[in-house]
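Everything on this sheet refers to the single structure shown next.
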Amino acid sequence: MGTGAELLDSEFIQGFSASLLDDYLNAKNYVQDVPTQSLLHIRSFTHRLTELLGQDKAVSFTSPNLYDRIELLNQKRLIDVKTTRALHRLRGDGNRGAHPEKYHLTQEQLLALAQKAIKDVLALIEHLYPKVIGRAAPAYRYQASDAVTIKDLCYRAVMEDDPKAQYLVGISFKTKALMLKEQELALVDQSYGNEDENGPAVKEVAQKASDTFTKAAYWFALAAPNHSDALYEHGVGLIHGYQGQADAIQGEAAIAKAAEAGVVNAMALLGYFYLVGSESFKPDLAQAKHYLQLAAEGEQTEAMANLGVLYYQTKDLTQAYHFINKAAQAGYPHAQYHLALMLANGDGCKRDPIVSEYWMAEAAEQGQLDAMLTRAQHMLNDESGLGGDVSQAERYLREVIKYGHSVPAMIELSMALADGILGRIDVVGSAALLNLARRHANAKEAEIIEPLWQSLALQVDTVLEMTQDPGEIQTLKRAKTLLSAKGVLTFRD
């Protein structure tokens with residue numbers, strides 16, 4: 001970017017296409033205080049850009065799905081490889097912004113993602129300028145935004161009773177509440193066998209998260225009568241009890257009303273209700289297909305994946321593979337995991353273990369818990385063709401334990417620590433994990449844990465009899481305490 005140019009970045013975008021300016025400015029203005037909204041505008045910008053790239057090229061987009069549009073432009077050789085990758089990257093960033101909690105993004109990561117997306121937009125337009133406009137891109141300079149701050153939004157929300165501002169304030173509080181829940185889980189993760197020590201900190205963060213969810217619910221409820229997206233969020237808040245007491249009946253009614261108003265996320269959730277059943281809606285595959293199809297056409301990746309599940313349940317494996325593959329290509333980690341399973345088994349497609357492992361790795365990197373556990377097991381046992389990084393395997397297992405309270409992950413990590421597979425032997429960590437696993441285990445899992453428990457206890461006793469090292473003795477005694485009856489704490493949800 002030039003630094004001495006007269007053109008500002010906004011003028012640069014307008015010179016390329018005035019139709020893209022509003023989304024660009026909104027993305028830029030919201031980036032600091034409401035990064036989720038910024039990323040949604042990035043996705044809208046990308047959608048408009050594909051429309052522009054297809055103009056006057058005899059391209060007829062038969063699908064509103066952004067992935068399909070990008071691929072059609074690519075197949076017709078109207079965009080080069082660099083543009084294709086850049087468009088998909090922006091599409092993926094927009095999807096992550098829509099559901100940051102599903103990707104386990106922290107507030108800092110979400111902000112960094114939004115800031116990066118703005119730079120990626122400018123770089124892409126620079127690249128496309130000579131191809132679309134027919135001359136070299138002019139020099140320009142980036143001007144820091146007059147950001148839409150929370151203070152501005154709150155003024156409009158309170159003093160002007162602006163429903164959009166009220167909705168955005170609610171989104172800001174909801175995002176912060178979800179990040180606080182991440183902090184709470186991280187503290188729980190650090191407390192194997194030491195819940196009493198970390199208990200106060202966990203309670204403090206949990207209370208902050210609860211208070212922040214309550215604030216989000218207030219603003220969503222205030223905006224709901226006049227803002228369809230807020231109505232959807234109000235329904236979600238009622239179902240999850242953002243203000244304390246959950247009310248599934250009223251929440252589902254709000255979501256159904258938002259779906260009828262055309263809110264894509266509401267249609268996706270209503271389709272899911274019809275797929276599996278809920279408090280208010282009995283399973284109805286015809287209705288599920290109707291709403292999921294509408295949401296999928298609006299690029300709701302979870303709806304694409306659930307449409308694949310619907311076809312899988314009705315034994316139409318070809319269609320199931322089609323929609324799950326589309327959701328996976330769109331970046332949805334749960335679909336990537338299920339696509340890996342379908343490729344491994346040859347369900348609706350040709351069996352391909354190598355591509356299956358690729359998608360398993362993609363899903364794991366995006367935080368899909370089942371994929372993380374599977375990849376960790378493959379790495380520790382060197383069962384995949386993608387390498388056996390034991391440090392990454394440990395990170396995956398700890399993430400699965402933190403977010404999913406997975407007993408198989410606890411057992412796997414405990415065994416790895418006891419056997420030295422991770423490059424060190426940690427009997428205290430191993431014992432603490434078995435302790436935790438026993439408290440969360442079902443009857444079948446308890447049967448697996450018991451011989452491991454006895455084996456580790458025997459290992460500790462044997463080394464205690466042999467060692468003279470004071471530090472090692474202290475460590476082994478701590479492990480022995482964790483493996484004793486009094487070291488087994490009461491089960492906690």
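Residues in the structure tokens are numbered from 1 in each chain, the chains being A, B, ... in the order shown, and ligands are numbered from 1 in the order shown.
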Per DSSP on the backbone, filter stretch 245-290 of chain A down to the residues in alpha helix (DSSP H) and report them as a compact mmCIF listing (two decimals) with C-alpha atoms, in the first residue's frame.
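Just written: out-v1.txt:
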# COMPACT_ATOMS: atom_id res chain seq x y z
CA ALA A 248 -37.98 -23.82 25.85
CA ILE A 249 -41.62 -23.38 24.79
CA GLN A 250 -41.42 -19.59 24.48
CA GLY A 251 -37.92 -19.80 23.02
CA GLU A 252 -38.94 -22.21 20.28
CA ALA A 253 -41.99 -20.06 19.48
CA ALA A 254 -39.71 -17.04 19.01
CA ILE A 255 -37.37 -19.02 16.77
CA ALA A 256 -40.29 -20.28 14.65
CA LYS A 257 -41.53 -16.69 14.23
CA ALA A 258 -38.02 -15.53 13.26
CA ALA A 259 -37.80 -18.39 10.75
CA GLU A 260 -41.04 -17.29 9.13
CA VAL A 264 -31.46 -17.96 8.10
CA ASN A 265 -30.14 -19.12 11.49
CA ALA A 266 -33.72 -19.45 12.75
CA MET A 267 -34.69 -21.58 9.75
CA ALA A 268 -31.66 -23.79 10.39
CA LEU A 269 -32.58 -24.26 14.04
CA LEU A 270 -36.27 -24.84 13.31
CA GLY A 271 -35.26 -27.45 10.73
CA TYR A 272 -33.12 -29.11 13.40
CA PHE A 273 -36.09 -29.13 15.81
CA TYR A 274 -38.18 -30.91 13.16
CA LEU A 275 -35.30 -33.30 12.47
CA VAL A 276 -34.79 -34.55 16.04
CA LEU A 285 -38.80 -35.01 8.06
CA ALA A 286 -40.77 -33.10 5.42
CA GLN A 287 -40.76 -29.92 7.50
CA ALA A 288 -37.15 -30.51 8.52
CA LYS A 289 -36.13 -30.81 4.87
CA HIS A 290 -38.09 -27.66 3.98
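As for atom CA of A:Glu445 and atom CA of A:Gly199, they are spaced 26.5 Å apart.
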### Query
Which is closer to A:His88 than all the others in A:Met415, A:Ala457, A:Leu20, A:Ala330, using only C-alpha atoms?
A:Ala330
### Query
Of the residues A:Asp247, A:Glu71, A:Asp419, A:Asp9, which is the one nearest to A:Lys119, using only C-alpha atoms?
A:Asp9
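Each of A:Thr462, A:Gln336, A:Thr175, A:Gln37 was checked against A:Gly367 using only C-alpha atoms; the smallest atom-to-atom distance is that of A:Gln336.
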## Note on the structure
Restricting to only C-alpha atoms, whichever of A:Lys116, A:Arg424, A:Lys181, A:Arg395 is closest to A:Met379 is A:Arg395
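Here atom CA of A:Lys282 and atom CA of A:Val236 stand 18.6 Å from one another.
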